[in-house]
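Asks: Input data25.cif, format and content: mmCIF, C-alpha atoms and all ligand atoms.
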```cif
data_upload
loop_
_atom_site.label_atom_id
_atom_site.label_comp_id
_atom_site.auth_asym_id
_atom_site.auth_seq_id
_atom_site.Cartn_x
_atom_site.Cartn_y
_atom_site.Cartn_z
CA MET A 1 153.22 64.05 167.98
CA ALA A 2 155.41 67.14 168.22
CA ARG A 3 154.08 70.68 168.34
CA PRO A 4 154.16 71.83 164.73
CA LEU A 5 155.89 75.17 165.27
CA ILE A 6 159.36 75.31 163.70
CA ALA A 7 161.78 77.94 162.47
CA ASP A 8 163.14 76.66 159.17
CA ILE A 9 166.48 78.27 158.35
CA ASP A 10 167.60 78.28 154.73
CA LEU A 11 171.39 78.53 154.74
CA ASP A 12 171.56 78.79 150.95
CA ALA A 13 169.38 81.91 151.20
CA LEU A 14 171.78 83.28 153.83
CA ARG A 15 174.69 82.77 151.45
CA HIS A 16 172.72 84.34 148.60
CA ASN A 17 172.07 87.46 150.70
CA TYR A 18 175.69 87.62 151.83
CA ARG A 19 176.89 87.49 148.22
CA LEU A 20 174.43 90.25 147.37
CA ALA A 21 175.89 92.42 150.16
CA ARG A 22 179.38 91.68 148.94
CA ASP A 23 178.58 92.30 145.28
CA GLN A 24 176.94 95.66 146.06
CA ALA A 25 180.30 96.83 147.36
CA PRO A 26 182.97 95.23 145.18
CA HIS A 27 185.80 97.34 146.69
CA SER A 28 184.92 96.54 150.32
CA ARG A 29 185.02 93.46 152.46
CA ALA A 30 181.82 92.56 154.26
CA VAL A 31 181.83 91.61 157.94
CA ALA A 32 178.85 89.33 158.47
CA VAL A 33 177.05 90.65 161.57
CA ILE A 34 175.87 87.60 163.51
CA LYS A 35 175.22 89.13 166.94
CA ALA A 36 172.14 88.19 168.95
CA ASP A 37 172.45 84.56 167.84
CA ALA A 38 172.55 85.72 164.20
CA TYR A 39 169.35 87.74 164.68
CA GLY A 40 167.66 84.62 166.01
CA HIS A 41 168.85 82.30 163.24
CA GLY A 42 171.54 80.47 165.24
CA ALA A 43 175.02 82.05 165.23
CA VAL A 44 177.05 78.86 165.02
CA ALA A 45 175.09 77.41 162.10
CA CYS A 46 175.14 80.75 160.28
CA ALA A 47 178.86 81.20 160.88
CA GLN A 48 179.53 77.71 159.57
CA ALA A 49 177.41 78.45 156.51
CA LEU A 50 179.29 81.69 155.82
CA GLU A 51 182.77 80.57 156.85
CA ALA A 52 184.01 80.04 153.31
CA LEU A 53 182.62 83.41 152.15
CA ALA A 54 182.97 85.95 154.94
CA PRO A 55 186.41 87.27 155.90
CA ALA A 56 185.14 88.32 159.36
CA PHE A 57 182.17 88.09 161.72
CA ALA A 58 180.83 90.68 164.15
CA VAL A 59 179.18 90.02 167.51
CA ALA A 60 178.12 92.14 170.47
CA CYS A 61 180.10 90.58 173.29
CA LEU A 62 182.77 88.16 174.39
CA GLU A 63 180.29 85.39 175.20
CA GLU A 64 178.98 85.44 171.64
CA ALA A 65 182.52 85.30 170.27
CA GLN A 66 183.42 82.47 172.63
CA ALA A 67 180.51 80.35 171.44
CA LEU A 68 181.84 80.66 167.89
CA ARG A 69 185.39 79.76 168.89
CA GLU A 70 184.08 76.75 170.82
CA ALA A 71 182.44 75.64 167.58
CA SER A 72 185.87 75.80 165.92
CA ILE A 73 185.17 78.96 163.91
CA THR A 74 188.61 80.46 163.25
CA THR A 75 187.49 83.46 161.16
CA PRO A 76 188.34 86.88 162.65
CA ILE A 77 185.59 88.17 164.96
CA VAL A 78 184.98 91.84 165.79
CA LEU A 79 183.52 92.81 169.17
CA LEU A 80 181.15 95.60 168.13
CA GLU A 81 180.99 97.18 171.57
CA GLY A 82 184.50 96.23 172.58
CA ILE A 83 185.06 95.13 176.14
CA PHE A 84 182.67 95.77 179.04
CA ALA A 85 185.38 95.39 181.72
CA THR A 86 189.17 95.57 181.69
CA ALA A 87 189.49 91.92 182.68
CA GLU A 88 188.00 90.94 179.31
CA LEU A 89 191.16 91.98 177.46
CA GLU A 90 192.81 88.71 178.39
CA HIS A 91 190.02 86.81 176.65
CA VAL A 92 190.12 89.11 173.65
CA GLU A 93 193.70 88.01 173.30
CA THR A 94 193.22 84.28 173.87
CA LEU A 95 190.17 84.17 171.58
CA ASP A 96 192.07 86.22 168.99
CA LEU A 97 189.39 88.89 168.55
CA TRP A 98 189.30 92.33 166.96
CA LEU A 99 188.32 95.17 169.23
CA VAL A 100 186.11 98.20 168.83
CA ILE A 101 187.21 101.04 171.11
CA HIS A 102 184.49 103.57 171.71
CA SER A 103 185.38 105.27 174.99
CA ASP A 104 188.22 106.64 177.09
CA TRP A 105 188.37 103.89 179.65
CA GLN A 106 188.60 101.22 176.93
CA LEU A 107 191.47 103.08 175.30
CA GLU A 108 193.30 103.47 178.62
CA ALA A 109 192.74 99.81 179.45
CA LEU A 110 194.23 98.66 176.17
CA LEU A 111 197.21 101.03 176.45
CA ALA A 112 197.89 99.71 179.95
CA TYR A 113 197.71 96.08 178.82
CA CYS A 114 200.61 94.11 177.38
CA PRO A 115 199.31 91.60 174.84
CA ALA A 116 201.67 89.03 173.38
CA HIS A 117 200.54 90.19 169.93
CA PRO A 118 199.02 93.56 169.05
CA ILE A 119 195.21 93.56 168.89
CA PRO A 120 193.45 94.83 165.73
CA VAL A 121 191.46 97.93 166.72
CA TRP A 122 188.49 99.74 165.17
CA LEU A 123 188.23 103.20 166.69
CA LYS A 124 184.64 104.31 166.88
CA VAL A 125 183.55 107.88 166.15
CA ASP A 126 180.25 109.31 167.26
CA SER A 127 179.24 111.01 164.04
CA GLY A 128 175.79 112.06 165.21
CA MET A 129 173.93 109.05 166.57
CA HIS A 130 175.10 109.92 170.11
CA ARG A 131 175.21 106.39 171.32
CA LEU A 132 178.77 105.02 171.26
CA GLY A 133 182.04 106.55 170.07
CA PHE A 134 184.43 109.43 170.56
CA PRO A 135 183.32 112.95 169.68
CA PRO A 136 184.86 113.85 166.31
CA ALA A 137 187.06 116.53 167.87
CA GLN A 138 188.84 113.90 170.01
CA VAL A 139 189.37 111.30 167.34
CA GLU A 140 192.69 112.51 165.97
CA ALA A 141 194.28 112.51 169.42
CA MET A 142 192.95 109.03 170.21
CA TRP A 143 194.09 107.71 166.85
CA ALA A 144 197.57 109.13 167.46
CA ARG A 145 197.82 107.44 170.85
CA LEU A 146 196.88 104.08 169.38
CA ALA A 147 199.21 104.54 166.43
CA ALA A 148 202.03 105.27 168.87
CA ALA A 149 201.49 101.90 170.60
CA PRO A 150 202.05 99.36 167.81
CA GLU A 151 202.89 96.62 170.30
CA ARG A 152 199.32 96.95 171.69
CA ALA A 153 197.09 98.03 168.79
CA CYS A 154 197.45 97.22 165.11
CA ASP A 155 195.48 97.39 161.89
CA LEU A 156 193.65 100.58 162.96
CA HIS A 157 190.33 101.36 161.28
CA LEU A 158 187.96 104.24 161.69
CA MET A 159 184.45 103.03 162.45
CA SER A 160 181.08 104.72 162.86
CA HIS A 161 177.39 103.87 162.83
CA PHE A 162 174.60 105.68 160.98
CA ALA A 163 171.43 106.77 162.70
CA SER A 164 169.31 107.05 159.56
CA ALA A 165 170.84 105.27 156.59
CA ASP A 166 167.48 103.66 155.84
CA ALA A 167 165.85 106.96 154.91
CA LEU A 168 167.31 107.84 151.54
CA GLN A 169 168.25 111.49 151.06
CA SER A 170 168.26 112.14 154.79
CA ALA A 171 170.20 115.33 155.62
CA ASP A 172 171.44 113.80 158.90
CA PHE A 173 172.94 110.93 157.02
CA ARG A 174 174.71 113.25 154.58
CA ARG A 175 176.12 115.28 157.46
CA GLN A 176 177.42 112.16 159.20
CA LEU A 177 179.07 110.97 156.02
CA GLU A 178 180.79 114.30 155.27
CA LEU A 179 182.19 114.49 158.77
CA LEU A 180 183.50 110.93 158.56
CA ASP A 181 185.05 111.34 155.13
CA ASP A 182 186.84 114.41 156.36
CA LEU A 183 188.26 112.54 159.38
CA ALA A 184 189.24 109.51 157.33
CA ILE A 185 191.16 111.68 154.87
CA ARG A 186 192.99 113.55 157.61
CA LEU A 187 193.99 110.30 159.33
CA ALA A 188 194.52 108.36 156.10
CA ALA A 189 192.38 105.76 157.87
CA PRO A 190 190.74 102.71 156.36
CA THR A 191 187.05 102.88 157.26
CA CYS A 192 184.09 100.77 158.28
CA PHE A 193 180.85 102.76 158.25
CA ALA A 194 178.13 100.99 156.29
CA ASN A 195 175.37 98.89 157.88
CA SER A 196 172.78 97.06 155.73
CA PRO A 197 170.93 100.08 154.32
CA ALA A 198 174.16 101.92 153.54
CA THR A 199 175.61 98.78 151.96
CA LEU A 200 172.56 98.55 149.71
CA ALA A 201 171.92 102.18 148.89
CA TRP A 202 174.94 104.38 149.68
CA PRO A 203 178.07 103.45 147.74
CA GLU A 204 179.66 106.69 149.06
CA ALA A 205 179.56 105.14 152.53
CA HIS A 206 181.34 101.93 151.53
CA GLY A 207 184.78 101.57 153.09
CA ALA A 208 187.53 99.01 153.53
CA TRP A 209 184.86 97.08 155.37
CA ASN A 210 181.06 97.19 155.51
CA ARG A 211 178.90 95.68 158.25
CA PRO A 212 175.74 94.16 156.77
CA GLY A 213 173.46 92.63 159.38
CA VAL A 214 169.72 92.35 158.93
CA MET A 215 169.93 92.15 155.13
CA LEU A 216 171.80 88.86 155.44
CA TYR A 217 168.61 87.40 156.88
CA GLY A 218 166.51 88.65 153.98
CA SER A 219 164.85 91.67 155.56
CA ASP A 220 164.80 94.78 153.37
CA PRO A 221 166.30 97.58 155.48
CA LEU A 222 165.35 100.39 153.10
CA GLU A 223 162.29 102.58 153.58
CA ALA A 224 161.83 102.45 149.81
CA SER A 225 163.26 99.23 148.38
CA ASN A 226 165.75 99.39 145.49
CA GLU A 227 166.73 96.97 142.75
CA ALA A 228 169.26 95.20 145.00
CA SER A 229 167.12 95.02 148.12
CA ARG A 230 164.31 93.42 146.12
CA ARG A 231 166.65 90.50 145.42
CA LEU A 232 167.02 89.65 149.12
CA THR A 233 165.37 86.39 150.05
CA PRO A 234 164.02 85.24 153.43
CA VAL A 235 166.26 82.97 155.48
CA MET A 236 163.84 82.13 158.29
CA THR A 237 160.39 80.65 157.75
CA LEU A 238 158.36 80.55 160.94
CA ARG A 239 156.07 77.66 160.20
CA SER A 240 153.23 76.04 162.12
CA ALA A 241 149.85 74.45 161.51
CA ILE A 242 146.16 74.82 162.21
CA ILE A 243 145.36 72.75 165.32
CA ALA A 244 141.63 73.49 165.64
CA VAL A 245 138.81 75.11 163.65
CA ARG A 246 135.82 77.04 165.00
CA GLU A 247 132.60 78.03 163.23
CA LEU A 248 131.31 81.37 164.47
CA ALA A 249 127.98 83.11 163.96
CA ALA A 250 128.08 86.79 162.98
CA GLY A 251 128.72 88.89 166.08
CA GLU A 252 130.62 86.25 168.07
CA ALA A 253 134.04 87.22 169.38
CA VAL A 254 137.44 85.51 169.35
CA GLY A 255 140.20 85.39 171.94
CA TYR A 256 141.13 87.47 174.99
CA GLY A 257 139.00 90.54 175.42
CA GLY A 258 136.96 89.58 172.37
CA ARG A 259 138.96 92.02 170.29
CA TRP A 260 137.88 90.52 166.99
CA ARG A 261 134.16 90.09 166.38
CA ALA A 262 132.88 88.11 163.37
CA PRO A 263 131.34 90.54 160.86
CA ARG A 264 129.69 87.56 159.10
CA PRO A 265 129.43 83.82 159.75
CA SER A 266 133.13 82.95 160.01
CA ARG A 267 135.59 80.08 160.24
CA ILE A 268 138.45 80.62 162.62
CA GLY A 269 141.65 78.57 162.63
CA VAL A 270 143.71 78.16 165.79
CA VAL A 271 147.48 78.18 165.11
CA ALA A 272 150.16 76.72 167.38
CA CYS A 273 152.26 79.87 167.80
CA GLY A 274 152.02 82.67 170.33
CA TYR A 275 153.95 85.32 172.20
CA GLY A 276 155.49 82.56 174.32
CA ASP A 277 157.31 81.62 171.12
CA GLY A 278 158.31 85.18 170.36
CA TYR A 279 155.48 86.08 167.99
CA ASP A 280 154.63 89.72 168.69
CA ARG A 281 151.66 90.22 171.00
CA HIS A 282 151.04 93.60 169.37
CA ALA A 283 149.97 92.03 166.07
CA VAL A 284 146.73 93.76 165.10
CA ASP A 285 143.70 92.17 163.48
CA GLY A 286 144.58 91.99 159.81
CA THR A 287 148.24 91.05 160.33
CA PRO A 288 148.96 88.78 157.35
CA VAL A 289 149.67 85.05 157.58
CA LEU A 290 149.86 82.36 154.88
CA VAL A 291 147.58 79.33 155.26
CA ASP A 292 148.38 76.63 152.70
CA GLY A 293 150.34 79.35 150.92
CA GLN A 294 147.36 81.72 150.69
CA ARG A 295 147.15 85.05 152.41
CA THR A 296 144.74 85.56 155.24
CA ALA A 297 144.92 87.46 158.51
CA ILE A 298 145.06 87.31 162.27
CA ALA A 299 141.68 87.67 163.95
CA GLY A 300 141.83 88.26 167.71
CA LYS A 301 144.59 88.87 170.23
CA VAL A 302 147.70 86.71 170.17
CA SER A 303 147.82 84.37 173.20
CA MET A 304 150.86 82.78 174.79
CA ASP A 305 150.83 79.52 172.82
CA MET A 306 148.25 80.17 170.13
CA LEU A 307 146.90 82.72 167.73
CA THR A 308 143.75 82.77 165.62
CA VAL A 309 143.31 83.40 161.91
CA ASP A 310 140.33 83.99 159.65
CA LEU A 311 139.71 80.97 157.38
CA THR A 312 136.30 82.09 156.10
CA ASP A 313 137.58 82.63 152.56
CA LEU A 314 139.80 79.53 152.60
CA PRO A 315 137.26 76.66 152.72
CA GLU A 316 139.94 74.05 151.95
CA ALA A 317 141.96 74.99 155.01
CA ASP A 318 141.53 72.63 157.95
CA ILE A 319 143.29 71.04 160.88
CA GLY A 320 146.86 70.30 159.77
CA SER A 321 146.99 73.06 157.16
CA GLU A 322 150.39 74.71 156.90
CA VAL A 323 150.62 78.17 158.45
CA VAL A 324 153.54 80.48 157.66
CA LEU A 325 153.88 83.40 160.06
CA TRP A 326 156.68 84.83 157.89
CA GLY A 327 159.00 83.41 155.26
CA ARG A 328 158.31 81.08 152.36
CA ALA A 329 155.34 78.71 152.15
CA THR A 330 155.61 75.25 150.60
CA ASN A 331 153.89 76.56 147.46
CA GLY A 332 156.58 79.25 147.10
CA GLN A 333 154.49 82.20 148.33
CA ILE A 334 156.51 84.64 150.41
CA LEU A 335 155.32 86.66 153.37
CA SER A 336 157.99 89.16 154.27
CA VAL A 337 158.91 89.59 157.91
CA ASP A 338 159.04 93.34 157.20
CA GLU A 339 155.35 93.34 156.32
CA VAL A 340 154.45 91.45 159.49
CA ALA A 341 156.61 93.83 161.54
CA HIS A 342 154.72 96.77 160.09
CA HIS A 343 151.47 95.34 161.46
CA CYS A 344 153.07 94.87 164.87
CA ASP A 345 154.41 98.44 164.99
CA THR A 346 157.92 97.03 165.16
CA LEU A 347 160.89 96.01 163.00
CA SER A 348 162.02 92.76 161.45
CA TYR A 349 164.97 92.90 163.89
CA THR A 350 162.77 92.37 166.95
CA LEU A 351 160.64 89.68 165.33
CA LEU A 352 163.59 87.64 164.06
CA SER A 353 165.78 87.98 167.13
CA GLY A 354 162.72 87.51 169.33
CA VAL A 355 161.95 83.92 168.29
CA LEU A 356 162.42 82.12 171.58
CA PRO A 357 164.54 79.03 172.26
CA ARG A 358 161.49 76.81 172.62
CA VAL A 359 160.98 77.08 168.85
CA PRO A 360 163.18 74.38 167.28
CA ARG A 361 165.46 75.60 164.48
CA ARG A 362 165.69 73.25 161.50
CA TYR A 363 168.51 73.90 159.05
CA HIS A 364 168.40 73.44 155.28
CA GLY A 365 171.21 73.78 152.77
CA ALA A 366 174.78 72.69 153.34
CA HIS A 367 176.43 74.11 156.44
C1 LIG B 1 173.95 95.57 164.54
C2 LIG B 1 175.01 96.41 163.97
C3 LIG B 1 175.23 96.46 162.59
C4 LIG B 1 174.35 95.77 161.59
O1 LIG B 1 173.24 96.60 161.37
P1 LIG B 1 172.07 96.19 160.36
O2 LIG B 1 171.15 97.34 160.40
O3 LIG B 1 171.46 94.96 160.90
O4 LIG B 1 172.73 95.98 159.06
C5 LIG B 1 176.30 97.20 162.14
N1 LIG B 1 177.09 97.88 163.00
C6 LIG B 1 176.89 97.88 164.34
C7 LIG B 1 177.78 98.67 165.21
C8 LIG B 1 175.84 97.17 164.86
O5 LIG B 1 175.64 97.17 166.18
#
```
Starting from the file, give its structure as structure tokens.

Replies:
Amino acid sequence: MARPLIADIDLDALRHNYRLARDQAPHSRAVAVIKADAYGHGAVACAQALEALAPAFAVACLEEAQALREASITTPIVLLEGIFATAELEHVETLDLWLVIHSDWQLEALLAYCPAHPIPVWLKVDSGMHRLGFPPAQVEAMWARLAAAPERACDLHLMSHFASADALQSADFRRQLELLDDLAIRLAAPTCFANSPATLAWPEAHGAWNRPGVMLYGSDPLEASNEASRRLTPVMTLRSAIIAVRELAAGEAVGYGGRWRAPRPSRIGVVACGYGDGYDRHAVDGTPVLVDGQRTAIAGKVSMDMLTVDLTDLPEADIGSEVVLWGRATNGQILSVDEVAHHCDTLSYTLLSGVLPRVPRRYHGAH
């Protein structure tokens, strides 16, 4: 008998979320961001599922792009961080990729290279996040150099990333957007600024392209959800089962360090899922789980291969009962990965992309 832990991936839900991203921005095209193995969902399967819908994909590095090309994905692919070494340009060309250029050496490398066909380039501006990109004062000069080399760079776009698009009404966000609009007008540049929260909540930030990522997987990226974000639906269900049940007297403790102590006579269920599968070890007592589609909570520290849940108020639950760590239970109940992340003092991004390879992915819906 196989270990019951599985990540069920609903490809119809992925397509539903992609259409939602697209329909929120009817004048933009949406690059589906499928870096980090599609946030843990499996990049090849997700790309295949979105191939007929998405005009482009975005990944973090050449290796991720190569895996898609090896799976016969012919859709344009953007390298979000561009190249990491000059020698990669050759592969950018043979794999037919689009390139982000965010720093001097990348620009010089491209201008010194002679591709057989010009490479589509997204020039990245640092509009305030201070991570990647050219300072705004340098952008016009860089743009002009690329524009003057049409045999090397083509289809120029102005790109930037927001530091706080999830917090509506943030002054930082407004400042970033004003600066970018100003640059785009001066350069007459097509733009690509919006991540998931900006796609959902900031039409002013929509450009020729948007770059929705986490929303495609059903996580709500907004601090305060809006009408559109409430229509997102989970793509991954992390599903397992109860493998043992313990009866505890009041005062007895559960798990490493005895963190959880029974406040009353209690029934504890042991679930086949732990931090060795990617479930967050920081989950506090009270972190929600669904057992047979009913909400209950983690009781005791997460171990490597197991975690423990309180079944005291679920007398029907027993060995074999379905446990959903996040996603959709068989009875239709949903436990959002965002809510679980909140209890782990983290984000849906780390939980989803953190599901380890030892958890089998099982795909549903046509590819
Ligand atoms: C990951 C990433 C995105 C997608 O961000 P989400 O918050 O997941 O929508 C967009 N742009 C860049 C540059 C990224 O690295």

Asks: To check your reading of the model: which residues sit at most 10 Å from ligand LIG 1 (chain B) when counting all atoms listed in the file? Write the answer as a ChimeraX atom specification.

Replies: /A:31-36,38-39,58-60,78-81,100,124,132,159-166,192-200,210-217,219-222,348-349

Asks: Smallest atom-to-atom distance to Pro135 of chain A: which of A:Val270, A:Cys61, A:Leu179, A:Leu14, using only C-alpha atoms?

Replies: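 Going through A:Val270, A:Cys61, A:Leu179, A:Leu14 one by one, the smallest distance to Pro135 of chain A is for A:Leu179.
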
Asks: Could you give me, as a Markdown table, a per-residue list for segment 168-283 of chain A showing, wherever an atom lies at most 6 Å from an atom of segment 291-307 of chain A, the closest pair of atoms and their distance in Å to one decimal, using only C-alpha atoms and sorting by chain then residue number from low to high?

Replies:
```
| residue | atom | partner | partner_atom | distance |
| --- | --- | --- | --- | --- |
| A:Val254 | CA | A:Gly300 | CA | 5.4 |
| A:Gly255 | CA | A:Gly300 | CA | 5.4 |
| A:Arg259 | CA | A:Gly300 | CA | 5.4 |
| A:Trp260 | CA | A:Gly300 | CA | 4.6 |
| A:Val270 | CA | A:Leu307 | CA | 5.9 |
| A:Val271 | CA | A:Leu307 | CA | 5.3 |
| A:Ala272 | CA | A:Met306 | CA | 4.8 |
| A:Cys273 | CA | A:Met306 | CA | 4.6 |
| A:Gly274 | CA | A:Asp305 | CA | 4.2 |
| A:Tyr275 | CA | A:Met304 | CA | 4.8 |
| A:Gly276 | CA | A:Met304 | CA | 4.7 |
| A:Arg281 | CA | A:Val302 | CA | 5.4 |
```

Asks: Would you mind telling me which residue in A:Arg69, A:His343, A:Arg246, A:His364 lies nearest to Asp280 of chain A when using all atoms listed in the file?

Replies: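 Between A:Arg69, A:His343, A:Arg246, A:His364, the residue approaching Asp280 of chain A most closely is A:His343.
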
Asks: Work out how far atom CA of Thr191 of chain A is from atom CA of Ser170 of chain A, in Å to one decimal.

Replies: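 Answer for the atom CA of Ser170 of chain A to atom CA of Thr191 of chain A separation: 21.1 Å.
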
Asks: Out of A:Gly128, A:Gly257, A:Val92, A:Gly269, which residue has the shortest atom-to-atom distance to Val245 of chain A when counting all atoms listed in the file?

Replies: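 Using all atoms listed in the file, the shortest distance to Val245 of chain A belongs to A:Gly269.
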
Asks: May I ask which of the residues A:Ile101, A:Val359, A:Ala67, A:Leu232 is the closest one to Phe134 of chain A, counting all atoms listed in the file?

Replies: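 Checking each candidate against Phe134 of chain A, we get A:Ile101 as the closest.
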